[in-house]
$ cat work-v8.pdb   # PDB, C-alpha atoms and all ligand atoms
ATOM      1  CA  MET C   1     -12.590   5.596  20.507  1.00  0.00           C
ATOM      2  CA  SER C   2     -15.492   3.307  21.320  1.00  0.00           C
ATOM      3  CA  PHE C   3     -17.084   0.826  18.924  1.00  0.00           C
ATOM      4  CA  ALA C   4     -20.143   3.086  18.804  1.00  0.00           C
ATOM      5  CA  GLU C   5     -17.992   6.063  17.767  1.00  0.00           C
ATOM      6  CA  LEU C   6     -16.234   4.045  15.090  1.00  0.00           C
ATOM      7  CA  ASN C   7     -19.569   2.754  13.860  1.00  0.00           C
ATOM      8  CA  SER C   8     -21.065   6.214  13.587  1.00  0.00           C
ATOM      9  CA  LEU C   9     -18.007   7.350  11.613  1.00  0.00           C
ATOM     10  CA  LEU C  10     -18.558   4.415   9.258  1.00  0.00           C
ATOM     11  CA  LYS C  11     -22.276   5.102   8.990  1.00  0.00           C
ATOM     12  CA  ASP C  12     -22.029   8.862   8.567  1.00  0.00           C
ATOM     13  CA  ARG C  13     -19.379   8.773   5.842  1.00  0.00           C
ATOM     14  CA  HIS C  14     -20.820   8.872   2.378  1.00  0.00           C
ATOM     15  CA  SER C  15     -19.589   9.852  -1.026  1.00  0.00           C
ATOM     16  CA  CYS C  16     -19.942  13.568  -1.664  1.00  0.00           C
ATOM     17  CA  ARG C  17     -20.920  14.703  -5.175  1.00  0.00           C
ATOM     18  CA  ALA C  18     -21.128  18.456  -4.631  1.00  0.00           C
ATOM     19  CA  PHE C  19     -18.451  20.406  -2.783  1.00  0.00           C
ATOM     20  CA  LEU C  20     -18.147  23.970  -1.553  1.00  0.00           C
ATOM     21  CA  PRO C  21     -15.085  25.790  -2.920  1.00  0.00           C
ATOM     22  CA  ASP C  22     -13.546  26.407   0.526  1.00  0.00           C
ATOM     23  CA  PRO C  23     -10.093  24.837   0.882  1.00  0.00           C
ATOM     24  CA  VAL C  24      -9.174  22.356   3.615  1.00  0.00           C
ATOM     25  CA  PRO C  25      -6.229  23.630   5.712  1.00  0.00           C
ATOM     26  CA  ARG C  26      -2.988  21.954   4.681  1.00  0.00           C
ATOM     27  CA  ALA C  27      -2.362  20.764   8.272  1.00  0.00           C
ATOM     28  CA  GLN C  28      -5.665  18.870   8.210  1.00  0.00           C
ATOM     29  CA  ILE C  29      -4.895  17.253   4.861  1.00  0.00           C
ATOM     30  CA  GLU C  30      -1.569  16.155   6.332  1.00  0.00           C
ATOM     31  CA  GLN C  31      -3.405  14.664   9.331  1.00  0.00           C
ATOM     32  CA  ILE C  32      -5.766  12.738   7.052  1.00  0.00           C
ATOM     33  CA  VAL C  33      -2.929  11.335   4.965  1.00  0.00           C
ATOM     34  CA  ALA C  34      -0.862  10.356   8.002  1.00  0.00           C
ATOM     35  CA  SER C  35      -3.874   8.708   9.611  1.00  0.00           C
ATOM     36  CA  ALA C  36      -4.753   6.767   6.439  1.00  0.00           C
ATOM     37  CA  SER C  37      -1.196   5.443   6.221  1.00  0.00           C
ATOM     38  CA  ARG C  38      -1.767   3.434   9.432  1.00  0.00           C
ATOM     39  CA  VAL C  39      -3.666   0.768   7.466  1.00  0.00           C
ATOM     40  CA  PRO C  40      -2.073  -2.662   7.025  1.00  0.00           C
ATOM     41  CA  SER C  41      -0.347  -3.632   3.787  1.00  0.00           C
ATOM     42  CA  TRP C  42       1.265  -6.870   2.699  1.00  0.00           C
ATOM     43  CA  CYS C  43       4.878  -6.909   3.989  1.00  0.00           C
ATOM     44  CA  ASN C  44       4.199  -3.360   5.181  1.00  0.00           C
ATOM     45  CA  ALA C  45       5.138  -2.278   1.673  1.00  0.00           C
ATOM     46  CA  GLN C  46       2.821   0.764   1.938  1.00  0.00           C
ATOM     47  CA  PRO C  47       2.456   0.911  -1.842  1.00  0.00           C
ATOM     48  CA  TRP C  48       0.351   4.102  -2.004  1.00  0.00           C
ATOM     49  CA  GLN C  49       1.659   7.314  -3.528  1.00  0.00           C
ATOM     50  CA  LEU C  50      -0.468  10.424  -3.846  1.00  0.00           C
ATOM     51  CA  VAL C  51      -0.380  13.596  -5.846  1.00  0.00           C
ATOM     52  CA  ILE C  52      -2.618  16.085  -4.016  1.00  0.00           C
ATOM     53  CA  THR C  53      -3.795  19.280  -5.660  1.00  0.00           C
ATOM     54  CA  SER C  54      -4.991  22.502  -4.039  1.00  0.00           C
ATOM     55  CA  ALA C  55      -6.123  25.944  -5.185  1.00  0.00           C
ATOM     56  CA  ASP C  56      -5.109  26.909  -8.753  1.00  0.00           C
ATOM     57  CA  GLU C  57      -3.561  23.494  -9.320  1.00  0.00           C
ATOM     58  CA  THR C  58      -6.947  21.859  -8.728  1.00  0.00           C
ATOM     59  CA  ASP C  59      -8.681  24.288 -11.063  1.00  0.00           C
ATOM     60  CA  ALA C  60      -6.121  23.793 -13.823  1.00  0.00           C
ATOM     61  CA  PHE C  61      -6.375  20.027 -13.435  1.00  0.00           C
ATOM     62  CA  ARG C  62     -10.185  20.177 -13.401  1.00  0.00           C
ATOM     63  CA  GLU C  63     -10.173  21.982 -16.716  1.00  0.00           C
ATOM     64  CA  ALA C  64      -7.594  19.689 -18.321  1.00  0.00           C
ATOM     65  CA  MET C  65      -9.413  16.598 -16.989  1.00  0.00           C
ATOM     66  CA  GLN C  66     -12.736  17.754 -18.443  1.00  0.00           C
ATOM     67  CA  ASN C  67     -11.098  18.358 -21.822  1.00  0.00           C
ATOM     68  CA  GLU C  68      -9.509  14.924 -21.708  1.00  0.00           C
ATOM     69  CA  ALA C  69     -12.852  13.290 -20.901  1.00  0.00           C
ATOM     70  CA  VAL C  70     -14.329  14.861 -24.035  1.00  0.00           C
ATOM     71  CA  SER C  71     -11.477  14.155 -26.435  1.00  0.00           C
ATOM     72  CA  GLY C  72      -9.339  11.371 -24.911  1.00  0.00           C
ATOM     73  CA  ALA C  73      -9.567   7.613 -25.368  1.00  0.00           C
ATOM     74  CA  PRO C  74     -10.343   5.395 -22.348  1.00  0.00           C
ATOM     75  CA  ALA C  75      -7.239   3.428 -21.283  1.00  0.00           C
ATOM     76  CA  PRO C  76      -7.299   2.603 -17.555  1.00  0.00           C
ATOM     77  CA  ASP C  77      -4.099   1.166 -16.058  1.00  0.00           C
ATOM     78  CA  LEU C  78      -6.129  -1.299 -14.004  1.00  0.00           C
ATOM     79  CA  PRO C  79      -8.681  -3.329 -15.980  1.00  0.00           C
ATOM     80  CA  PHE C  80     -12.188  -2.046 -15.246  1.00  0.00           C
ATOM     81  CA  PRO C  81     -14.845  -4.623 -14.266  1.00  0.00           C
ATOM     82  CA  THR C  82     -15.899  -6.597 -17.329  1.00  0.00           C
ATOM     83  CA  SER C  83     -19.503  -6.858 -16.144  1.00  0.00           C
ATOM     84  CA  TYR C  84     -21.788  -6.596 -13.138  1.00  0.00           C
ATOM     85  CA  SER C  85     -24.312  -9.385 -12.842  1.00  0.00           C
ATOM     86  CA  GLY C  86     -26.849 -10.625 -10.299  1.00  0.00           C
ATOM     87  CA  VAL C  87     -26.820  -8.744  -7.000  1.00  0.00           C
ATOM     88  CA  TYR C  88     -23.833  -6.711  -8.130  1.00  0.00           C
ATOM     89  CA  GLN C  89     -25.799  -5.394 -11.078  1.00  0.00           C
ATOM     90  CA  ASP C  90     -28.808  -4.758  -8.805  1.00  0.00           C
ATOM     91  CA  ARG C  91     -26.715  -2.770  -6.336  1.00  0.00           C
ATOM     92  CA  ARG C  92     -24.966  -0.825  -9.074  1.00  0.00           C
ATOM     93  CA  ARG C  93     -28.313   0.134 -10.585  1.00  0.00           C
ATOM     94  CA  ALA C  94     -29.823   1.022  -7.210  1.00  0.00           C
ATOM     95  CA  CYS C  95     -27.072   3.471  -6.338  1.00  0.00           C
ATOM     96  CA  GLY C  96     -27.112   4.956  -9.846  1.00  0.00           C
ATOM     97  CA  TRP C  97     -30.876   5.436  -9.771  1.00  0.00           C
ATOM     98  CA  ALA C  98     -30.753   6.922  -6.268  1.00  0.00           C
ATOM     99  CA  LEU C  99     -28.280   9.525  -7.530  1.00  0.00           C
ATOM    100  CA  TYR C 100     -30.283  10.307 -10.665  1.00  0.00           C
ATOM    101  CA  GLU C 101     -33.503  10.548  -8.709  1.00  0.00           C
ATOM    102  CA  ALA C 102     -31.848  12.923  -6.220  1.00  0.00           C
ATOM    103  CA  VAL C 103     -30.649  15.241  -8.990  1.00  0.00           C
ATOM    104  CA  GLY C 104     -33.859  14.963 -11.033  1.00  0.00           C
ATOM    105  CA  VAL C 105     -32.597  12.867 -13.954  1.00  0.00           C
ATOM    106  CA  GLU C 106     -35.427  10.648 -15.216  1.00  0.00           C
ATOM    107  CA  ARG C 107     -34.807   6.995 -16.032  1.00  0.00           C
ATOM    108  CA  GLY C 108     -33.853   6.709 -19.691  1.00  0.00           C
ATOM    109  CA  ASP C 109     -32.645  10.320 -19.879  1.00  0.00           C
ATOM    110  CA  ARG C 110     -29.282   9.571 -21.437  1.00  0.00           C
ATOM    111  CA  VAL C 111     -28.309  13.201 -21.886  1.00  0.00           C
ATOM    112  CA  GLY C 112     -29.074  14.021 -18.247  1.00  0.00           C
ATOM    113  CA  SER C 113     -27.251  10.965 -16.923  1.00  0.00           C
ATOM    114  CA  ALA C 114     -24.234  11.695 -19.136  1.00  0.00           C
ATOM    115  CA  GLN C 115     -24.163  15.269 -17.826  1.00  0.00           C
ATOM    116  CA  GLN C 116     -24.214  13.982 -14.245  1.00  0.00           C
ATOM    117  CA  MET C 117     -21.463  11.475 -15.124  1.00  0.00           C
ATOM    118  CA  MET C 118     -19.359  14.325 -16.515  1.00  0.00           C
ATOM    119  CA  GLN C 119     -19.440  15.934 -13.064  1.00  0.00           C
ATOM    120  CA  ASN C 120     -16.840  13.312 -12.143  1.00  0.00           C
ATOM    121  CA  PHE C 121     -14.349  15.096 -14.374  1.00  0.00           C
ATOM    122  CA  ALA C 122     -15.195  18.460 -12.829  1.00  0.00           C
ATOM    123  CA  LEU C 123     -14.268  16.775  -9.518  1.00  0.00           C
ATOM    124  CA  PHE C 124     -17.806  17.617  -8.339  1.00  0.00           C
ATOM    125  CA  GLY C 125     -16.469  21.097  -7.618  1.00  0.00           C
ATOM    126  CA  ALA C 126     -13.973  19.854  -5.008  1.00  0.00           C
ATOM    127  CA  PRO C 127     -11.100  22.170  -4.015  1.00  0.00           C
ATOM    128  CA  HIS C 128      -8.700  19.215  -3.718  1.00  0.00           C
ATOM    129  CA  CYS C 129      -7.993  16.035  -5.621  1.00  0.00           C
ATOM    130  CA  ALA C 130      -5.643  13.191  -4.701  1.00  0.00           C
ATOM    131  CA  ILE C 131      -4.423  10.872  -7.461  1.00  0.00           C
ATOM    132  CA  LEU C 132      -3.561   7.464  -6.041  1.00  0.00           C
ATOM    133  CA  SER C 133      -1.056   5.085  -7.604  1.00  0.00           C
ATOM    134  CA  SER C 134       0.591   1.784  -6.707  1.00  0.00           C
ATOM    135  CA  PRO C 135       3.759   0.126  -8.054  1.00  0.00           C
ATOM    136  CA  ALA C 136       2.894  -2.103 -11.031  1.00  0.00           C
ATOM    137  CA  GLU C 137       5.248  -4.799  -9.728  1.00  0.00           C
ATOM    138  CA  LEU C 138       3.038  -5.294  -6.643  1.00  0.00           C
ATOM    139  CA  GLY C 139       0.095  -6.163  -8.879  1.00  0.00           C
ATOM    140  CA  PRO C 140      -3.413  -6.691  -7.486  1.00  0.00           C
ATOM    141  CA  TYR C 141      -2.152  -6.957  -3.903  1.00  0.00           C
ATOM    142  CA  GLY C 142      -0.656  -3.477  -4.121  1.00  0.00           C
ATOM    143  CA  ALA C 143      -4.044  -2.266  -5.342  1.00  0.00           C
ATOM    144  CA  MET C 144      -5.713  -4.179  -2.504  1.00  0.00           C
ATOM    145  CA  ASP C 145      -3.508  -2.424   0.053  1.00  0.00           C
ATOM    146  CA  CYS C 146      -4.407   0.883  -1.543  1.00  0.00           C
ATOM    147  CA  GLY C 147      -8.101   0.024  -1.178  1.00  0.00           C
ATOM    148  CA  GLY C 148      -7.568  -0.033   2.572  1.00  0.00           C
ATOM    149  CA  PHE C 149      -5.790   3.296   2.308  1.00  0.00           C
ATOM    150  CA  ILE C 150      -8.762   4.801   0.438  1.00  0.00           C
ATOM    151  CA  THR C 151     -11.176   3.666   3.143  1.00  0.00           C
ATOM    152  CA  ALA C 152      -9.013   5.011   5.948  1.00  0.00           C
ATOM    153  CA  PHE C 153      -8.552   8.291   4.087  1.00  0.00           C
ATOM    154  CA  THR C 154     -12.317   8.724   3.789  1.00  0.00           C
ATOM    155  CA  LEU C 155     -12.865   7.889   7.466  1.00  0.00           C
ATOM    156  CA  ALA C 156     -10.072  10.123   8.756  1.00  0.00           C
ATOM    157  CA  ALA C 157     -11.481  12.919   6.609  1.00  0.00           C
ATOM    158  CA  GLN C 158     -14.977  12.244   7.952  1.00  0.00           C
ATOM    159  CA  ALA C 159     -13.658  12.514  11.510  1.00  0.00           C
ATOM    160  CA  LEU C 160     -12.417  16.025  10.644  1.00  0.00           C
ATOM    161  CA  GLY C 161     -15.654  17.036   8.894  1.00  0.00           C
ATOM    162  CA  VAL C 162     -14.074  16.737   5.458  1.00  0.00           C
ATOM    163  CA  ALA C 163     -16.156  15.117   2.700  1.00  0.00           C
ATOM    164  CA  THR C 164     -14.649  12.760   0.124  1.00  0.00           C
ATOM    165  CA  ILE C 165     -15.399  10.717  -2.954  1.00  0.00           C
ATOM    166  CA  PRO C 166     -13.160   8.012  -4.389  1.00  0.00           C
ATOM    167  CA  GLN C 167     -13.308   8.235  -8.193  1.00  0.00           C
ATOM    168  CA  ALA C 168     -12.286   5.404 -10.471  1.00  0.00           C
ATOM    169  CA  ALA C 169     -13.838   7.430 -13.307  1.00  0.00           C
ATOM    170  CA  LEU C 170     -10.712   9.571 -13.529  1.00  0.00           C
ATOM    171  CA  ALA C 171      -8.519   6.479 -13.956  1.00  0.00           C
ATOM    172  CA  THR C 172     -10.338   5.876 -17.257  1.00  0.00           C
ATOM    173  CA  TYR C 173      -7.802   8.326 -18.652  1.00  0.00           C
ATOM    174  CA  SER C 174      -4.678   6.949 -16.969  1.00  0.00           C
ATOM    175  CA  PRO C 175      -2.228   7.887 -19.781  1.00  0.00           C
ATOM    176  CA  PHE C 176      -3.344  11.512 -19.440  1.00  0.00           C
ATOM    177  CA  LEU C 177      -2.861  11.377 -15.652  1.00  0.00           C
ATOM    178  CA  HIS C 178       0.636   9.905 -16.077  1.00  0.00           C
ATOM    179  CA  ARG C 179       1.541  12.761 -18.429  1.00  0.00           C
ATOM    180  CA  TYR C 180      -0.175  15.524 -16.521  1.00  0.00           C
ATOM    181  CA  PHE C 181       1.293  14.693 -13.118  1.00  0.00           C
ATOM    182  CA  GLN C 182       4.521  13.021 -14.334  1.00  0.00           C
ATOM    183  CA  ILE C 183       3.553   9.775 -12.611  1.00  0.00           C
ATOM    184  CA  PRO C 184       6.098   7.137 -13.718  1.00  0.00           C
ATOM    185  CA  GLU C 185       4.925   4.371 -16.038  1.00  0.00           C
ATOM    186  CA  ASP C 186       5.983   1.713 -13.520  1.00  0.00           C
ATOM    187  CA  ARG C 187       3.124   2.823 -11.262  1.00  0.00           C
ATOM    188  CA  LEU C 188      -0.541   1.947 -11.798  1.00  0.00           C
ATOM    189  CA  ILE C 189      -3.002   4.782 -11.451  1.00  0.00           C
ATOM    190  CA  LEU C 190      -5.839   3.378  -9.342  1.00  0.00           C
ATOM    191  CA  CYS C 191      -8.269   6.196  -8.758  1.00  0.00           C
ATOM    192  CA  ALA C 192      -8.659   9.732  -7.495  1.00  0.00           C
ATOM    193  CA  ILE C 193     -10.118  10.956  -4.233  1.00  0.00           C
ATOM    194  CA  SER C 194     -11.727  14.373  -4.504  1.00  0.00           C
ATOM    195  CA  PHE C 195     -12.293  16.076  -1.180  1.00  0.00           C
ATOM    196  CA  GLY C 196     -13.339  19.263   0.568  1.00  0.00           C
ATOM    197  CA  TYR C 197     -16.450  20.452   2.421  1.00  0.00           C
ATOM    198  CA  ALA C 198     -19.825  19.105   1.336  1.00  0.00           C
ATOM    199  CA  ASP C 199     -22.481  21.413  -0.046  1.00  0.00           C
ATOM    200  CA  PRO C 200     -25.330  20.182   2.153  1.00  0.00           C
ATOM    201  CA  SER C 201     -27.987  21.915   0.085  1.00  0.00           C
ATOM    202  CA  HIS C 202     -27.045  20.224  -3.187  1.00  0.00           C
ATOM    203  CA  PRO C 203     -29.470  17.438  -4.184  1.00  0.00           C
ATOM    204  CA  ALA C 204     -26.574  15.137  -5.215  1.00  0.00           C
ATOM    205  CA  ASN C 205     -25.693  14.900  -1.526  1.00  0.00           C
ATOM    206  CA  ASN C 206     -29.214  14.146  -0.393  1.00  0.00           C
ATOM    207  CA  PHE C 207     -29.394  10.404  -0.828  1.00  0.00           C
ATOM    208  CA  ARG C 208     -27.687   7.528   0.939  1.00  0.00           C
ATOM    209  CA  THR C 209     -26.799   4.049  -0.227  1.00  0.00           C
ATOM    210  CA  ASP C 210     -27.771   0.984   1.801  1.00  0.00           C
ATOM    211  CA  ARG C 211     -25.915  -2.211   2.578  1.00  0.00           C
ATOM    212  CA  ALA C 212     -26.678  -5.894   2.410  1.00  0.00           C
ATOM    213  CA  ALA C 213     -27.194  -7.661   5.724  1.00  0.00           C
ATOM    214  CA  PRO C 214     -24.231  -9.699   7.006  1.00  0.00           C
ATOM    215  CA  SER C 215     -26.354 -12.830   6.516  1.00  0.00           C
ATOM    216  CA  ASP C 216     -26.142 -12.107   2.755  1.00  0.00           C
ATOM    217  CA  PHE C 217     -22.360 -12.272   2.656  1.00  0.00           C
ATOM    218  CA  VAL C 218     -21.136 -14.302   5.642  1.00  0.00           C
ATOM    219  CA  GLU C 219     -21.071 -18.086   5.625  1.00  0.00           C
ATOM    220  CA  TRP C 220     -20.556 -19.316   9.155  1.00  0.00           C
ATOM    221  CA  ARG C 221     -18.730 -22.594   9.714  1.00  0.00           C
ATOM    222  CA  GLY C 222     -18.761 -24.181  13.123  1.00  0.00           C
TER     223      GLY C 222
HETATM  224  C1  LIG Z   1     -12.614   2.535  -5.582  1.00  0.00           C
HETATM  225  C2  LIG Z   1     -13.871   3.369  -5.705  1.00  0.00           C
HETATM  226  C3  LIG Z   1     -14.108   4.055  -6.877  1.00  0.00           C
HETATM  227  C4  LIG Z   1     -15.254   4.842  -7.009  1.00  0.00           C
HETATM  228  N1  LIG Z   1     -15.440   5.557  -8.165  1.00  0.00           N
HETATM  229  C5  LIG Z   1     -16.488   6.409  -8.265  1.00  0.00           C
HETATM  230  C6  LIG Z   1     -16.635   7.250  -9.394  1.00  0.00           C
HETATM  231  O1  LIG Z   1     -15.819   7.235 -10.314  1.00  0.00           O
HETATM  232  N2  LIG Z   1     -17.681   8.096  -9.439  1.00  0.00           N
HETATM  233  C7  LIG Z   1     -18.616   8.153  -8.426  1.00  0.00           C
HETATM  234  O2  LIG Z   1     -19.558   8.954  -8.521  1.00  0.00           O
HETATM  235  N3  LIG Z   1     -18.497   7.361  -7.326  1.00  0.00           N
HETATM  236  C8  LIG Z   1     -17.453   6.517  -7.220  1.00  0.00           C
HETATM  237  N4  LIG Z   1     -17.281   5.755  -6.084  1.00  0.00           N
HETATM  238  C9  LIG Z   1     -18.237   5.903  -4.974  1.00  0.00           C
HETATM  239  C10 LIG Z   1     -19.209   4.727  -4.896  1.00  0.00           C
HETATM  240  O3  LIG Z   1     -20.197   4.864  -5.883  1.00  0.00           O
HETATM  241  C11 LIG Z   1     -19.808   4.718  -3.489  1.00  0.00           C
HETATM  242  O4  LIG Z   1     -18.786   4.460  -2.550  1.00  0.00           O
HETATM  243  C12 LIG Z   1     -20.883   3.655  -3.323  1.00  0.00           C
HETATM  244  O5  LIG Z   1     -21.991   3.920  -4.156  1.00  0.00           O
HETATM  245  C13 LIG Z   1     -21.376   3.580  -1.861  1.00  0.00           C
HETATM  246  O6  LIG Z   1     -21.876   4.842  -1.483  1.00  0.00           O
HETATM  247  P1  LIG Z   1     -21.256   5.679  -0.277  1.00  0.00           P
HETATM  248  O7  LIG Z   1     -19.787   5.903  -0.545  1.00  0.00           O
HETATM  249  O8  LIG Z   1     -22.027   6.986  -0.289  1.00  0.00           O
HETATM  250  O9  LIG Z   1     -21.458   4.890   0.982  1.00  0.00           O
HETATM  251  C14 LIG Z   1     -16.174   4.934  -5.948  1.00  0.00           C
HETATM  252  C15 LIG Z   1     -15.916   4.229  -4.758  1.00  0.00           C
HETATM  253  C16 LIG Z   1     -14.790   3.468  -4.638  1.00  0.00           C
HETATM  254  C17 LIG Z   1     -14.511   2.756  -3.333  1.00  0.00           C
END
$ encode --input "work-v8.pdb" --output "structure tokens"
Amino acid sequence: MSFAELNSLLKDRHSCRAFLPDPVPRAQIEQIVASASRVPSWCNAQPWQLVITSADETDAFREAMQNEAVSGAPAPDLPFPTSYSGVYQDRRRACGWALYEAVGVERGDRVGSAQQMMQNFALFGAPHCAILSSPAELGPYGAMDCGGFITAFTLAAQALGVATIPQAALATYSPFLHRYFQIPEDRLILCAISFGYADPSHPANNFRTDRAAPSDFVEWRG
């Protein structure tokens, strides 16, 4: 693959927030997972573990997850960011507003934005969901390795025409996820990745985020 091909994969990938119900063939999901596992990890520990749902299992989980989001108490395994300030707050707001504008939620419409937020727990209609966990004993570096895995998963999926969205929102209810999927307590639930085929006509998929210029984040020495 050329640099240009890699770059267009990176540029074309985006988070999908409305999926068609059509399932992804199991062989393709296996290809995506195997491809993602080529990422580096400290000591080659490969800390990622996935539970991947399909078909009825996704629908049952979707329903249980939505119920949990209404009645459960937030208790993420990994501490959520304590705040976003400066450029981080600006970027967070910009991508939130771009989404709300795309789906027709006015600024200040708390009910509309909450409804859109709740779509997370409906997995945005995706036919598949992967729950990603890392051994607690590997701490933040295990989570860091898994971050690379998430990126590679999204890119491998993109190469096969499969749309994805990483979702930390689901990890808000980590105790529920441990119980529901029998994920041992010595593993940290990091996030979910919902995936399937994008609904291109849905407004939630009709905006793109931008990126800071390298000059904003690289300090050259020498
Ligand atoms: C670890 C991680 C967790 C995320 N969690 C959520 C989430 O819970 N809900 C959501 O709508 N998007 C989530 N996203 C998607 C980001 O909002 C998205 O990647 C970012 O706005 C850049 O947009 P793009 O993916 O379309 O390029 C998450 C992304 C990452 C990498």
$ resolve_selection --input "work-v8.pdb" --expression "the PyMOL selection byres (((chain C and resi 33) around 9) and not hetatm)" --output "PyMOL selection string"
chain C and resi 28-32+34-37+149+152-153+156-157
$ atom_distance --input "work-v8.pdb" --atom1 "atom CA of C:Arg107" --atom2 "atom C11 of ligand LIG 1 (chain Z)"
19.7 Å
$ resolve_selection --input "work-v8.pdb" --expression "the PyMOL selection byres (((not hetatm)) within 6 of (chain Z and resi 1))" --output "PyMOL selection string"
chain C and resi 14-15+95+120+165-169+208-209
$ residues_around --input "work-v8.pdb" --residues "C:Met65" --least-positions-apart "6" --cutoff "12 Å" --atoms "all atoms listed in the file" --output "number ranges by chain"
C: 57-59, 71-72, 118-123, 129, 169-177, 179-181, 192
$ closest_residue --input "work-v8.pdb" --among "C:Ala136, C:Val162, C:Cys146, C:Met117" --to "C:Tyr197" --atoms "only C-alpha atoms"
C:Val162
$ resolve_selection --input "work-v8.pdb" --expression "the PyMOL selection byres (((chain C and resi 196) around 7) and not hetatm)" --output "number ranges by chain"
C: 19, 23-24, 126-128, 162-164, 195, 197-198
$ closest_residue --input "work-v8.pdb" --among "C:Ile150, C:Ala159, C:Ala73, C:Cys191" --to "C:Val39" --atoms "all atoms listed in the file"
C:Ile150
$ residues_around --input "work-v8.pdb" --residues "C:Arg17" --least-positions-apart "5" --cutoff "7 Å" --atoms "only C-alpha atoms" --output "PDB file with C-alpha atoms, in the frame of the given file"
ATOM      1  CA  PHE C 124     -17.806  17.617  -8.339  1.00  0.00           C
ATOM      2  CA  ALA C 204     -26.574  15.137  -5.215  1.00  0.00           C
ATOM      3  CA  ASN C 205     -25.693  14.900  -1.526  1.00  0.00           C
TER       4      ASN C 205
END
$ residues_around --input "work-v8.pdb" --residues "C:Phe207" --least-positions-apart "4" --cutoff "8 Å" --atoms "only C-alpha atoms" --output "list in words"
Ala98, Leu99, Ala102 and Pro203 of chain C
$ closest_residue --input "work-v8.pdb" --among "C:Gln66, C:Ile52, C:Tyr84, C:Leu155" --to "C:Ser8" --atoms "only C-alpha atoms"
C:Leu155
$ decode --input "work-v8.pdb" --residues "stretch 135-184 of chain C" --atoms "C-alpha atoms" --output "compact mmCIF listing (two decimals), in the first residue's frame"
# COMPACT_ATOMS: atom_id res chain seq x y z
CA PRO C 135 -5.97 -6.39 32.19
CA ALA C 136 -6.12 -4.05 35.21
CA GLU C 137 -2.57 -5.02 36.17
CA LEU C 138 -1.22 -3.43 32.97
CA GLY C 139 -2.70 -0.08 33.99
CA PRO C 140 -2.66 2.94 31.67
CA TYR C 141 -0.11 1.34 29.34
CA GLY C 142 -2.45 -1.57 28.68
CA ALA C 143 -5.14 0.99 27.85
CA MET C 144 -2.65 2.83 25.64
CA ASP C 145 -1.92 -0.35 23.69
CA CYS C 146 -5.65 -0.88 23.30
CA GLY C 147 -5.96 2.65 21.88
CA GLY C 148 -3.72 1.55 19.03
CA PHE C 149 -5.88 -1.52 18.60
CA ILE C 150 -9.02 0.65 18.34
CA THR C 151 -7.44 2.79 15.62
CA ALA C 152 -6.28 -0.21 13.62
CA PHE C 153 -9.69 -1.85 14.00
CA THR C 154 -11.39 1.24 12.57
CA LEU C 155 -8.93 1.46 9.67
CA ALA C 156 -9.07 -2.24 8.81
CA ALA C 157 -12.86 -1.98 8.87
CA GLN C 158 -12.73 1.11 6.66
CA ALA C 159 -10.59 -0.79 4.14
CA LEU C 160 -13.39 -3.38 3.91
CA GLY C 161 -16.16 -0.77 3.65
CA VAL C 162 -17.28 -1.37 7.23
CA ALA C 163 -18.18 1.68 9.33
CA THR C 164 -17.26 1.97 13.01
CA ILE C 165 -17.58 4.14 16.08
CA PRO C 166 -15.53 3.76 19.25
CA GLN C 167 -17.81 4.45 22.23
CA ALA C 168 -16.52 5.33 25.66
CA ALA C 169 -20.12 6.20 26.55
CA LEU C 170 -20.91 2.53 27.10
CA ALA C 171 -18.03 2.19 29.58
CA THR C 172 -19.93 4.63 31.82
CA TYR C 173 -21.78 1.53 32.97
CA SER C 174 -18.80 -0.80 33.39
CA PRO C 175 -20.27 -2.86 36.29
CA PHE C 176 -23.26 -3.69 34.08
CA LEU C 177 -20.95 -4.71 31.22
CA HIS C 178 -18.92 -6.94 33.55
CA ARG C 179 -22.12 -8.67 34.68
CA TYR C 180 -23.78 -8.85 31.30
CA PHE C 181 -20.83 -10.32 29.42
CA GLN C 182 -19.15 -12.09 32.39
CA ILE C 183 -16.01 -10.01 31.91
CA PRO C 184 -13.74 -10.74 34.91
